[in-house]
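**Q** Contents of run.cif (mmCIF, C-alpha atoms) are given next:
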```
data_coords
loop_
_atom_site.label_atom_id
_atom_site.label_comp_id
_atom_site.auth_asym_id
_atom_site.auth_seq_id
_atom_site.Cartn_x
_atom_site.Cartn_y
_atom_site.Cartn_z
CA MET P 1 -21.10 92.42 36.22
CA TRP P 2 -19.71 90.86 33.04
CA LEU P 3 -16.58 89.59 34.80
CA THR P 4 -18.54 87.59 37.39
CA ARG P 5 -20.88 86.00 34.85
CA PRO P 6 -18.61 82.98 34.16
CA PHE P 7 -18.76 81.94 37.84
CA HIS P 8 -22.46 81.19 37.45
CA GLU P 9 -21.90 78.79 34.56
CA ARG P 10 -21.41 75.10 35.20
CA SER P 11 -18.49 74.69 32.78
CA THR P 12 -16.45 77.38 34.54
CA GLN P 13 -17.29 76.01 37.97
CA LEU P 14 -16.24 72.53 36.86
CA PHE P 15 -12.98 73.78 35.33
CA LEU P 16 -12.03 75.86 38.38
CA GLY P 17 -12.98 73.02 40.70
CA ILE P 18 -10.75 70.53 38.86
CA LEU P 19 -7.89 73.04 38.64
CA PHE P 20 -7.88 73.98 42.33
CA ALA P 21 -8.35 70.34 43.34
CA ALA P 22 -5.27 69.45 41.27
CA LEU P 23 -3.29 72.28 42.89
CA LEU P 24 -4.34 71.06 46.33
CA VAL P 25 -3.48 67.42 45.62
CA VAL P 26 -0.03 68.26 44.26
CA THR P 27 0.67 70.54 47.24
CA VAL P 28 -0.38 67.90 49.78
CA LEU P 29 1.57 65.12 48.07
CA HIS P 30 4.64 67.34 47.90
CA VAL P 31 4.55 68.72 51.45
CA ALA P 32 2.90 66.04 53.58
CA LEU P 33 4.54 62.90 52.20
CA PRO P 34 8.24 62.08 52.72
CA GLU P 35 10.58 61.78 49.75
CA GLY P 36 10.73 58.00 49.90
CA HIS P 37 6.96 57.61 49.65
CA PRO P 38 5.73 56.30 46.27
CA LEU P 39 3.11 59.07 46.04
CA HIS P 40 5.49 61.89 46.93
CA VAL P 41 5.67 64.64 44.30
CA THR P 42 9.24 65.84 43.93
CA SER P 43 10.34 69.45 43.42
CA TYR P 44 11.29 68.60 39.85
CA THR P 45 7.77 67.33 39.18
CA VAL P 46 6.24 70.42 40.78
CA THR P 47 8.32 72.61 38.46
CA LEU P 48 7.34 70.45 35.50
CA PHE P 49 3.65 70.81 36.36
CA GLY P 50 4.16 74.56 36.70
CA LYS P 51 5.60 74.67 33.20
CA TYR P 52 2.58 72.76 31.88
CA LEU P 53 0.28 75.32 33.48
CA CYS P 54 2.22 78.15 31.84
CA TYR P 55 1.72 76.48 28.50
CA ALA P 56 -1.97 76.00 29.30
CA LEU P 57 -2.38 79.74 29.90
CA LEU P 58 -0.58 80.42 26.63
CA ALA P 59 -2.91 78.01 24.81
CA VAL P 60 -5.96 79.78 26.27
CA ALA P 61 -4.60 83.07 24.92
CA VAL P 62 -4.21 81.57 21.44
CA ASP P 63 -7.66 79.99 21.57
CA LEU P 64 -9.16 83.40 22.32
CA VAL P 65 -7.96 84.87 19.01
CA TRP P 66 -8.10 81.73 16.89
CA GLY P 67 -11.21 80.03 18.19
CA TYR P 68 -13.43 83.06 18.75
CA LEU P 69 -11.95 85.69 16.42
CA GLY P 70 -10.81 83.44 13.58
CA ILE P 71 -7.24 84.80 13.51
CA LEU P 72 -4.71 81.99 13.19
CA SER P 73 -1.74 83.53 14.96
CA LEU P 74 1.58 81.84 14.29
CA GLY P 75 3.48 84.42 16.31
CA HIS P 76 2.19 84.15 19.86
CA GLY P 77 5.56 82.78 20.86
CA ALA P 78 6.81 86.37 20.46
CA PHE P 79 4.39 87.68 23.10
CA PHE P 80 5.28 84.77 25.37
CA ALA P 81 9.01 85.45 24.95
CA LEU P 82 8.68 89.21 25.53
CA GLY P 83 6.95 88.59 28.84
CA GLY P 84 9.67 86.08 29.68
CA TYR P 85 12.45 88.50 28.84
CA ALA P 86 10.84 91.22 30.97
CA MET P 87 10.83 88.84 33.93
CA GLY P 88 14.34 87.63 33.10
CA MET P 89 15.69 91.19 33.12
CA TYR P 90 14.21 91.72 36.57
CA LEU P 91 15.71 88.47 37.85
CA MET P 92 19.11 89.39 36.38
CA ARG P 93 19.06 92.73 38.19
CA GLN P 94 18.32 90.91 41.44
CA ILE P 95 21.62 88.99 41.21
CA GLY P 96 23.69 92.09 41.97
CA ASP P 97 27.25 91.39 43.03
CA ARG P 98 26.57 87.66 43.46
CA GLY P 99 27.36 87.06 39.80
CA THR P 100 30.52 85.46 38.47
CA TYR P 101 32.24 88.82 37.91
CA GLY P 102 30.84 90.49 41.02
CA ASP P 103 29.57 93.63 39.27
CA PRO P 104 26.68 95.08 41.34
CA ILE P 105 24.91 96.61 38.31
CA LEU P 106 25.96 94.94 35.06
CA PRO P 107 24.86 91.34 34.40
CA ASP P 108 27.65 88.82 33.80
CA PHE P 109 27.17 88.65 30.04
CA MET P 110 27.57 92.43 29.76
CA VAL P 111 30.78 92.35 31.76
CA PHE P 112 32.06 89.52 29.54
CA LEU P 113 31.25 91.58 26.42
CA ASN P 114 32.99 94.67 27.89
CA TRP P 115 29.87 96.77 28.26
CA GLN P 116 30.68 99.93 30.22
CA GLU P 117 27.22 100.91 31.40
CA LEU P 118 23.74 99.53 31.66
CA PRO P 119 21.57 100.21 28.56
CA TRP P 120 18.70 102.63 29.07
CA TYR P 121 16.06 99.95 28.43
CA TRP P 122 17.39 97.98 31.41
CA LEU P 123 16.74 100.86 33.80
CA GLY P 124 13.91 100.28 36.23
CA PHE P 125 14.09 96.50 36.14
CA ASP P 126 15.60 96.45 39.61
CA MET P 127 12.07 97.24 40.84
CA ALA P 128 9.50 94.45 40.86
CA TRP P 129 6.46 96.64 40.11
CA PHE P 130 8.17 98.09 37.03
CA ALA P 131 9.06 94.63 35.73
CA PHE P 132 5.57 93.26 36.32
CA ILE P 133 3.98 96.18 34.46
CA THR P 134 6.43 95.65 31.60
CA VAL P 135 5.38 92.00 31.43
CA LEU P 136 1.95 93.26 30.35
CA LEU P 137 3.00 96.37 28.41
CA ALA P 138 5.74 94.88 26.21
CA PRO P 139 3.61 92.21 24.48
CA GLY P 140 0.53 94.43 24.68
CA LEU P 141 2.21 97.34 22.86
CA LEU P 142 3.65 95.02 20.21
CA ALA P 143 0.19 93.54 19.61
CA LEU P 144 -1.34 97.03 19.54
CA VAL P 145 1.06 98.36 16.91
CA PHE P 146 1.08 95.20 14.82
CA GLY P 147 -2.69 94.73 15.02
CA PHE P 148 -3.42 98.37 14.19
CA LEU P 149 -1.32 98.21 11.03
CA ALA P 150 -2.56 94.77 9.97
CA PHE P 151 -6.26 95.26 10.64
CA ARG P 152 -6.27 98.76 9.20
CA SER P 153 -4.88 97.31 5.97
CA ARG P 154 -7.55 94.56 6.00
CA VAL P 155 -4.93 91.80 6.08
CA THR P 156 -6.76 88.56 6.85
CA GLY P 157 -6.55 84.80 6.46
CA VAL P 158 -3.37 83.03 5.56
CA TYR P 159 -1.62 86.32 4.79
CA LEU P 160 -2.08 87.49 8.38
CA SER P 161 -0.81 84.14 9.67
CA ILE P 162 2.33 84.42 7.54
CA ILE P 163 2.96 87.97 8.76
CA THR P 164 2.67 86.90 12.41
CA GLN P 165 5.17 84.12 11.74
CA ALA P 166 7.53 86.57 10.03
CA LEU P 167 7.24 88.88 13.04
CA THR P 168 8.35 86.28 15.55
CA PHE P 169 11.13 85.08 13.24
CA ALA P 170 12.46 88.64 12.89
CA LEU P 171 12.44 89.08 16.66
CA MET P 172 14.27 85.78 17.09
CA LEU P 173 17.05 86.94 14.74
CA ALA P 174 17.29 90.28 16.55
CA PHE P 175 17.53 88.76 20.02
CA PHE P 176 20.25 86.38 18.87
CA ARG P 177 22.57 89.37 18.33
CA ASN P 178 24.89 90.15 21.25
CA GLU P 179 24.71 93.90 20.65
CA MET P 180 20.99 93.90 21.45
CA GLY P 181 21.85 93.56 25.14
CA PHE P 182 19.70 90.52 25.92
CA GLY P 183 22.37 87.85 26.28
CA GLY P 184 22.51 86.79 22.62
CA ASN P 185 22.36 83.07 21.96
CA ASN P 186 22.73 82.15 25.65
CA GLY P 187 19.91 84.42 26.77
CA LEU P 188 19.35 85.22 30.45
CA THR P 189 20.02 82.63 33.14
CA ASP P 190 21.65 81.93 36.53
CA PHE P 191 18.80 83.56 38.45
CA LYS P 192 19.09 83.71 42.23
CA ASP P 193 15.83 84.90 43.77
CA ILE P 194 12.48 86.54 43.11
CA LEU P 195 10.89 89.07 45.48
CA GLY P 196 13.53 88.11 48.01
CA PHE P 197 12.78 84.36 47.89
CA ASN P 198 15.47 81.91 46.83
CA LEU P 199 14.50 80.27 43.56
CA ARG P 200 16.32 77.07 44.45
CA THR P 201 14.22 76.25 47.52
CA ASP P 202 11.29 73.84 47.41
CA ALA P 203 8.97 76.40 49.00
CA THR P 204 9.61 78.97 46.26
CA ARG P 205 9.09 76.40 43.52
CA LEU P 206 5.80 75.34 45.09
CA GLY P 207 4.78 78.99 45.42
CA LEU P 208 5.48 79.62 41.73
CA PHE P 209 3.48 76.52 40.81
CA LEU P 210 0.49 77.76 42.83
CA ALA P 211 0.83 81.28 41.43
CA THR P 212 0.77 79.84 37.91
CA GLY P 213 -2.39 77.89 38.71
CA VAL P 214 -4.07 81.04 40.03
CA ALA P 215 -2.95 82.98 36.92
CA LEU P 216 -4.44 80.26 34.71
CA ALA P 217 -7.72 80.48 36.61
CA ILE P 218 -7.83 84.27 36.26
CA GLY P 219 -6.90 84.13 32.58
CA TYR P 220 -9.56 81.51 31.91
CA VAL P 221 -12.24 83.56 33.68
CA VAL P 222 -11.26 86.75 31.84
CA CYS P 223 -11.36 85.00 28.45
CA HIS P 224 -14.64 83.30 29.28
CA ALA P 225 -16.15 86.62 30.36
CA ILE P 226 -15.08 88.18 27.07
CA VAL P 227 -16.50 85.43 24.86
CA ALA P 228 -19.75 85.33 26.86
CA SER P 229 -20.29 89.09 26.52
CA LYS P 230 -21.59 91.13 23.60
CA LEU P 231 -17.98 91.65 22.54
CA GLY P 232 -17.57 87.90 22.30
CA ARG P 233 -20.66 87.53 20.14
CA VAL P 234 -19.39 90.26 17.84
CA SER P 235 -16.02 88.48 17.71
CA VAL P 236 -17.70 85.27 16.59
CA ALA P 237 -19.62 87.28 13.99
CA CYS P 238 -16.34 88.70 12.72
CA ARG P 239 -14.97 85.19 12.51
CA ASP P 240 -17.91 83.75 10.62
CA ALA P 241 -18.94 86.71 8.43
CA GLU P 242 -16.59 89.67 8.67
CA ALA P 243 -18.04 91.53 5.67
CA ARG P 244 -21.61 91.21 6.97
CA THR P 245 -20.51 92.38 10.42
CA ARG P 246 -18.98 95.47 8.86
CA PHE P 247 -22.18 96.07 6.91
CA LEU P 248 -24.16 96.01 10.16
CA GLY P 249 -22.07 98.93 11.41
CA TYR P 250 -19.62 97.28 13.79
CA ARG P 251 -16.02 98.52 13.89
CA VAL P 252 -14.43 95.15 13.23
CA GLU P 253 -10.88 96.53 13.51
CA ARG P 254 -11.46 97.70 17.06
CA VAL P 255 -12.89 94.34 18.13
CA GLN P 256 -9.99 92.46 16.57
CA LEU P 257 -7.43 94.82 18.07
CA PHE P 258 -8.85 94.62 21.60
CA VAL P 259 -9.03 90.82 21.62
CA LEU P 260 -5.50 90.52 20.18
CA VAL P 261 -4.04 92.86 22.82
CA VAL P 262 -5.73 90.95 25.67
CA SER P 263 -4.48 87.67 24.24
CA ALA P 264 -0.93 89.04 23.92
CA MET P 265 -0.94 90.22 27.54
CA LEU P 266 -2.05 86.80 28.76
CA ALA P 267 0.74 85.22 26.71
CA GLY P 268 3.20 87.65 28.32
CA VAL P 269 2.04 86.64 31.81
CA ALA P 270 2.53 82.98 30.86
CA GLY P 271 6.08 83.75 29.73
CA ALA P 272 6.84 85.69 32.90
CA LEU P 273 5.75 82.77 35.09
CA TYR P 274 7.63 80.31 32.90
CA VAL P 275 11.07 81.91 33.28
CA PRO P 276 11.66 81.66 37.06
CA GLN P 277 10.47 78.05 37.04
CA VAL P 278 12.58 76.91 34.11
CA GLY P 279 15.54 79.12 35.00
CA ILE P 280 16.38 80.46 31.54
CA ILE P 281 15.01 82.54 28.69
CA ASN P 282 16.71 82.63 25.30
CA PRO P 283 15.79 83.51 21.69
CA SER P 284 14.62 79.97 20.96
CA GLU P 285 11.28 80.94 22.56
CA PHE P 286 10.75 83.21 19.54
CA SER P 287 11.11 80.25 17.20
CA PRO P 288 8.24 79.90 14.68
CA ILE P 289 8.22 76.17 15.42
CA PHE P 290 7.21 76.91 19.00
CA SER P 291 4.31 79.09 17.83
CA ILE P 292 3.17 76.30 15.51
CA GLU P 293 3.29 73.87 18.44
CA ILE P 294 0.91 76.13 20.36
CA VAL P 295 -1.58 75.91 17.51
CA VAL P 296 -1.31 72.11 17.63
CA TRP P 297 -2.16 72.18 21.34
CA VAL P 298 -5.31 74.17 20.69
CA ALA P 299 -6.30 72.05 17.68
CA LEU P 300 -5.92 68.85 19.67
CA GLY P 301 -7.87 70.17 22.65
CA GLY P 302 -10.57 71.83 20.58
CA ARG P 303 -10.97 75.34 19.22
CA ALA P 304 -13.42 77.83 20.74
CA THR P 305 -13.73 75.95 24.04
CA LEU P 306 -10.95 77.44 26.23
CA TYR P 307 -10.88 74.35 28.47
CA GLY P 308 -10.01 72.29 25.40
CA ALA P 309 -6.92 74.45 24.91
CA VAL P 310 -5.86 73.63 28.47
CA ILE P 311 -6.36 69.91 27.89
CA GLY P 312 -4.43 69.98 24.63
CA ALA P 313 -1.50 71.93 26.08
CA ILE P 314 -1.10 69.63 29.05
CA LEU P 315 -1.48 66.39 27.06
CA VAL P 316 0.90 67.36 24.25
CA ASN P 317 3.59 68.64 26.59
CA TYR P 318 3.31 65.59 28.81
CA ALA P 319 3.69 63.44 25.70
CA LYS P 320 6.68 65.55 24.69
CA THR P 321 8.32 64.99 28.07
CA VAL P 322 7.85 61.23 27.80
CA PHE P 323 8.59 60.93 24.10
CA THR P 324 11.76 63.03 24.11
CA GLY P 325 13.12 60.85 26.89
CA VAL P 326 12.69 57.75 24.73
CA MET P 327 13.28 59.00 21.17
CA PRO P 328 14.22 62.70 21.23
CA ASP P 329 15.01 62.93 17.51
CA ALA P 330 11.58 61.64 16.51
CA TRP P 331 9.47 64.07 18.54
CA LEU P 332 8.80 66.53 15.71
CA PHE P 333 7.69 63.69 13.44
CA ALA P 334 5.36 62.45 16.14
CA LEU P 335 3.98 65.97 16.62
CA GLY P 336 3.32 66.32 12.88
CA ALA P 337 1.62 62.94 12.75
CA LEU P 338 -0.50 63.90 15.74
CA PHE P 339 -1.64 67.09 14.02
CA VAL P 340 -2.60 65.19 10.86
CA LEU P 341 -4.51 62.55 12.83
CA VAL P 342 -6.40 65.17 14.82
CA THR P 343 -7.29 67.09 11.66
CA VAL P 344 -8.63 63.97 9.94
CA PHE P 345 -10.31 62.08 12.79
CA LEU P 346 -10.96 64.77 15.43
CA PRO P 347 -11.62 68.03 13.57
CA GLN P 348 -13.23 69.50 16.70
CA GLY P 349 -10.56 68.16 19.05
CA ILE P 350 -10.97 66.36 22.34
CA ALA P 351 -13.49 68.91 23.60
CA GLY P 352 -15.66 68.31 20.53
CA LEU P 353 -15.52 64.57 21.12
CA LEU P 354 -16.60 65.04 24.74
CA LYS P 355 -19.44 67.33 23.68
CA SER P 356 -20.75 64.87 21.09
CA ARG P 357 -20.67 61.98 23.57
CA ARG P 358 -22.42 64.05 26.24
CA LYS P 359 -25.09 65.14 23.75
CA ALA P 360 -25.61 61.55 22.60
CA LYS P 361 -25.98 60.42 26.21
CA GLN P 362 -28.55 63.14 26.94
CA ASP P 363 -30.59 62.40 23.81
CA GLY P 364 -30.57 58.67 24.46
CA PRO P 365 -30.65 55.88 21.87
CA ASP P 366 -32.96 56.39 18.93
CA ASP P 367 -36.12 54.33 18.91
CA PRO P 368 -35.80 51.45 16.41
CA ASP P 369 -38.05 51.47 13.42
CA PRO P 370 -40.98 49.08 13.80
CA ASP P 371 -40.50 45.78 12.06
CA PRO P 372 -43.36 45.23 9.60
CA ASP P 373 -43.17 41.48 10.23
CA THR P 374 -43.98 41.92 13.92
CA GLN P 375 -46.79 44.43 13.52
CA ASN P 376 -50.33 43.53 14.57
CA PRO P 377 -52.23 42.35 11.48
CA ARG P 378 -55.19 44.58 12.36
CA GLU P 379 -52.86 47.64 12.58
CA ALA P 380 -51.23 46.64 9.29
CA THR P 381 -54.60 46.47 7.50
CA ALA P 382 -56.01 49.58 9.11
#
```
Produce structure tokens that represent the structure in this file.
**A**
Amino acid sequence: MWLTRPFHERSTQLFLGILFAALLVVTVLHVALPEGHPLHVTSYTVTLFGKYLCYALLAVAVDLVWGYLGILSLGHGAFFALGGYAMGMYLMRQIGDRGTYGDPILPDFMVFLNWQELPWYWLGFDMAWFAFITVLLAPGLLALVFGFLAFRSRVTGVYLSIITQALTFALMLAFFRNEMGFGGNNGLTDFKDILGFNLRTDATRLGLFLATGVALAIGYVVCHAIVASKLGRVSVACRDAEARTRFLGYRVERVQLFVLVVSAMLAGVAGALYVPQVGIINPSEFSPIFSIEIVVWVALGGRATLYGAVIGAILVNYAKTVFTGVMPDAWLFALGALFVLVTVFLPQGIAGLLKSRRKAKQDGPDDPDPDPDTQNPREATA
């Protein structure tokens, strides 16, 4: 079966082994060691690692369309935010009468804005299964409609990238408006529990961290199965020679649309797992700057590798955590400098550097040319 093929490859086995080993180590250090121990992993750190894993899944989704399809999407933050808002709406409905105003149906921000009834698009979010389906459907439908219109019109290259950026910017402006019913500038926050579990307990935070790790593993395997299949080879052909691929009879639009929808759904899952761990979702997640940051993660890690996207996402966000604590105003300058340095000195990213070193190690050092001065005279005159 095409979905089980990645498990037989060494790269996937190595990635999953490292991922699950990391999940196990963090769990043991958090649960087994007391708080005063120097190796104890605090709840804050567990949540921080969970956020990194959400970003890693998002980076894998971007690498699928950029690395293997050749579509530089500058709007994947929109898919991420839509999945986050779907989860946030479910978490808001779970608050019930425990909110500040005690209304059992309307969220606090609606009561504050004098809303009289719950909008129709909020109906059903009191049920977990409905919310979880919406996490996939909302970004998937947006990608389906947008991709159908864009690919049908043969919009490619930088023009497509600009349109994706315009899309996420338009959504950001819309969600900032209070009359949209999504909390306006403040967004959705003050969540209490998820599936009946208190979000403020250490056990729930650890459970969300582990769930995010499992989601990353599943997303990685799904993406790897796609790129290793015939569909993946056609995607690479579309990336490298779209006109020739069309000439050979392939429906390029369908390939592009399918891969984009899968990528958008994975980004929505990442957003849904991000919200309960961070505790808030607001329109800033739609910001074009955030979508550009995602591209930097993938570029640093290495395009068309999947595991490189994970490495880049984790390294850049760890650096952001450290750097913003020291010089918060200079982070964007540091990020821009990092992107320039990677483009100049590491065009294939960290994964490309690892591949080249591994290949050089396997090939071994080249044999030195014979020195004519040390040759045997008989061989020289022969």
**Q** At a cut-off of 10 Å, can you tabulate as a Markdown table every residue of segment 59-108 of chain P near segment 179-185 of chain P together with its closest atom pair and the distance in Å to one decimal, using all atoms listed in the file and ordering rows by chain then number?
**A**
```
| residue | atom | partner | partner_atom | distance |
| --- | --- | --- | --- | --- |
| P:Tyr85 | CA | P:Phe182 | CA | 8.1 |
| P:Gly88 | CA | P:Phe182 | CA | 9.4 |
| P:Met89 | CA | P:Phe182 | CA | 8.3 |
| P:Pro107 | CA | P:Gly183 | CA | 9.2 |
| P:Asp108 | CA | P:Gly183 | CA | 9.2 |
```
**Q** Report the closest atom pair, with its distance in Å rounded to one decimal, for each residue of segment 17-44 of chain P that has an atom no farther than 10 Å from segment 206-211 of chain P; count all atoms listed in the file, sort by chain and then rising residue number, and write it as a tab-separated table.
**A**
```
residue	atom	partner	partner_atom	distance
P:Phe20	CA	P:Leu210	CA	9.2
P:Leu23	CA	P:Leu210	CA	6.7
P:Leu24	CA	P:Leu210	CA	9.0
P:Val26	CA	P:Leu206	CA	9.2
P:Thr27	CA	P:Leu206	CA	7.3
P:His30	CA	P:Leu206	CA	8.6
P:Val31	CA	P:Leu206	CA	9.3
P:Ser43	CA	P:Leu206	CA	7.6
```
**Q** Enumerate, in order of chain and increasing residue number, the residues of segment 192-274 of chain P with an atom no farther than 12 Å from segment 8-11 of chain P, each with its shortest atom pair and distance in Å to one decimal, counting all atoms listed in the file, as a Markdown table.
**A**
```
| residue | atom | partner | partner_atom | distance |
| --- | --- | --- | --- | --- |
| P:Tyr220 | CA | P:Ser11 | CA | 11.3 |
| P:Val221 | CA | P:Glu9 | CA | 10.8 |
| P:His224 | CA | P:Glu9 | CA | 10.0 |
| P:Ala225 | CA | P:Glu9 | CA | 10.6 |
| P:Ala228 | CA | P:Glu9 | CA | 10.3 |
```
**Q** Evaluate the PyMOL selection byres ((chain P and resi 145-153) around 8) and record the selected residues as a list in words, following the chain and residue labels used in the document.
**A**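 Applying the expression gives Leu141, Leu142, Ala143, Leu144, Arg154, Val155, Thr156, Leu160, Glu253, Gln256, Leu257 and Leu260 of chain P.
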**Q** Please evaluate the PyMOL selection byres ((chain P and resi 93) around 10) against the displayed coordinates and give the resulting residues as a list in words.
**A** Gly88, Met89, Tyr90, Leu91, Met92, Gln94, Ile95, Gly96, Asp97, Pro104, Ile105, Leu106, Pro107, Trp122, Leu123, Gly124, Phe125, Asp126, Met127, Phe191 and Lys192 of chain P
**Q** Mind listing as number ranges by chain all residues within 12 Å of (-10.0, 88.9, 27.1), counting all atoms listed in the file?
**A** P: 2-3, 60-65, 68-69, 218-229, 231-232, 235, 255-267, 306
**Q** Given all atoms listed in the file as the basis, pick out the residue of P:Val25, P:Leu353, P:Ala78, P:Val342 nearest to Val46 of chain P.
**A** P:Val25
**Q** The PyMOL selection byres ((chain P and resi 56) around 7) on the file shown: which residues, as a PyMOL selection string?
**A** chain P and resi 52-55+57-60+309-310+313-314
**Q** In terms of the shortest atom-to-atom distance over only C-alpha atoms, which of P:Ala337, P:Ile292, P:Leu332, P:Leu300 is closest to Gly349 of chain P?
**A** P:Leu300
**Q** Nearest residue to Gly67 of chain P out of P:Thr343, P:Ser287, P:Gln348, P:Asn282, using all atoms listed in the file?
**A**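 The answer is P:Gln348, which sits nearest to Gly67 of chain P.
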**Q** Could you name the residues that touch Gly301 of chain P at 7 Å or less, counting all atoms listed in the file, but leaving out those on the same chain fewer than 5 positions away, as a ChimeraX atom specification?
**A** /P:308-309,311-312,349-351
**Q** Find the residue from P:Pro328, P:Gly140, P:Pro347, P:Gly17 that sits nearest to Val269 of chain P; use all atoms listed in the file when measuring.
**A**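 Answer, going by the shortest atom-to-atom distance: P:Gly140.
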**Q** Please report the interatomic distance between atom CA of Ala128 of chain P and atom CA of Ala203 of chain P in Å with one decimal.
**A** 19.8 Å
**Q** Just checking: using only C-alpha atoms, which residue out of P:Ile194, P:Ala174, P:Tyr307, P:Val275 ends up closest to Ala86 of chain P?
**A**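 So, comparing all the options, the nearest one is P:Val275.
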**Q** Counting all atoms listed in the file, which of P:Tyr121, P:Phe345, P:Phe80, P:Phe333 gets nearest to Ala299 of chain P?
**A**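 Smallest distance to Ala299 of chain P is found for P:Phe345.
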**Q** Need the shell around segment 239-247 of chain P: protein/DNA/RNA residues with any atom at most 6 Å away, counting all atoms listed in the file. Skip same-chain ones fewer than 3 positions apart. Format as a list of chain:residue names?
**A** P:Leu69, P:Gly70, P:Val236, P:Tyr250
**Q** Rounded to one decimal place, report the atom CA of Arg200 of chain P-atom CA of Ala319 of chain P distance in Å.
**A** 26.4 Å
**Q** For segment 114-119 of chain P, write all heavy atoms out as a short mmCIF file (atom, residue, chain, number, x, y, z; two decimals), in the first residue's frame.
**A**
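Output file out-v9.cif follows:
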```
data_model
loop_
_atom_site.label_atom_id
_atom_site.label_comp_id
_atom_site.auth_asym_id
_atom_site.auth_seq_id
_atom_site.Cartn_x
_atom_site.Cartn_y
_atom_site.Cartn_z
N ASN P 114 -23.02 43.25 23.03
CA ASN P 114 -24.49 43.27 22.99
C ASN P 114 -25.08 42.41 21.87
O ASN P 114 -26.10 42.76 21.29
CB ASN P 114 -25.01 44.72 22.87
CG ASN P 114 -24.69 45.55 24.09
OD1 ASN P 114 -24.74 45.06 25.22
ND2 ASN P 114 -24.33 46.81 23.87
N TRP P 115 -24.43 41.29 21.58
CA TRP P 115 -25.02 40.35 20.65
C TRP P 115 -26.21 39.67 21.35
O TRP P 115 -26.12 39.30 22.52
CB TRP P 115 -24.01 39.30 20.21
CG TRP P 115 -22.95 39.84 19.28
CD1 TRP P 115 -22.05 40.84 19.54
CD2 TRP P 115 -22.69 39.39 17.96
NE1 TRP P 115 -21.24 41.05 18.45
CE2 TRP P 115 -21.60 40.17 17.46
CE3 TRP P 115 -23.24 38.42 17.14
CZ2 TRP P 115 -21.08 40.00 16.19
CZ3 TRP P 115 -22.72 38.24 15.86
CH2 TRP P 115 -21.66 39.03 15.40
N GLN P 116 -27.29 39.47 20.61
CA GLN P 116 -28.50 38.89 21.20
C GLN P 116 -28.59 37.38 21.01
O GLN P 116 -29.23 36.70 21.80
CB GLN P 116 -29.74 39.56 20.59
CG GLN P 116 -29.80 41.05 20.84
CD GLN P 116 -29.76 41.41 22.32
OE1 GLN P 116 -30.44 40.77 23.15
NE2 GLN P 116 -28.98 42.43 22.68
N GLU P 117 -27.98 36.87 19.97
CA GLU P 117 -28.03 35.44 19.72
C GLU P 117 -26.74 34.98 19.06
O GLU P 117 -25.98 35.79 18.50
CB GLU P 117 -29.22 35.08 18.84
CG GLU P 117 -29.22 35.76 17.48
CD GLU P 117 -30.45 35.39 16.66
OE1 GLU P 117 -31.29 34.65 17.18
OE2 GLU P 117 -30.53 35.85 15.50
N LEU P 118 -26.54 33.70 19.12
CA LEU P 118 -25.32 33.12 18.56
C LEU P 118 -25.42 33.09 17.03
O LEU P 118 -26.43 32.66 16.48
CB LEU P 118 -25.13 31.70 19.09
CG LEU P 118 -23.74 31.07 18.96
CD1 LEU P 118 -22.75 31.78 19.87
CD2 LEU P 118 -23.80 29.58 19.30
N PRO P 119 -24.39 33.57 16.31
CA PRO P 119 -24.43 33.52 14.84
C PRO P 119 -24.55 32.08 14.34
O PRO P 119 -24.10 31.13 14.99
CB PRO P 119 -23.09 34.15 14.43
CG PRO P 119 -22.65 34.95 15.62
CD PRO P 119 -23.17 34.23 16.81
#
```
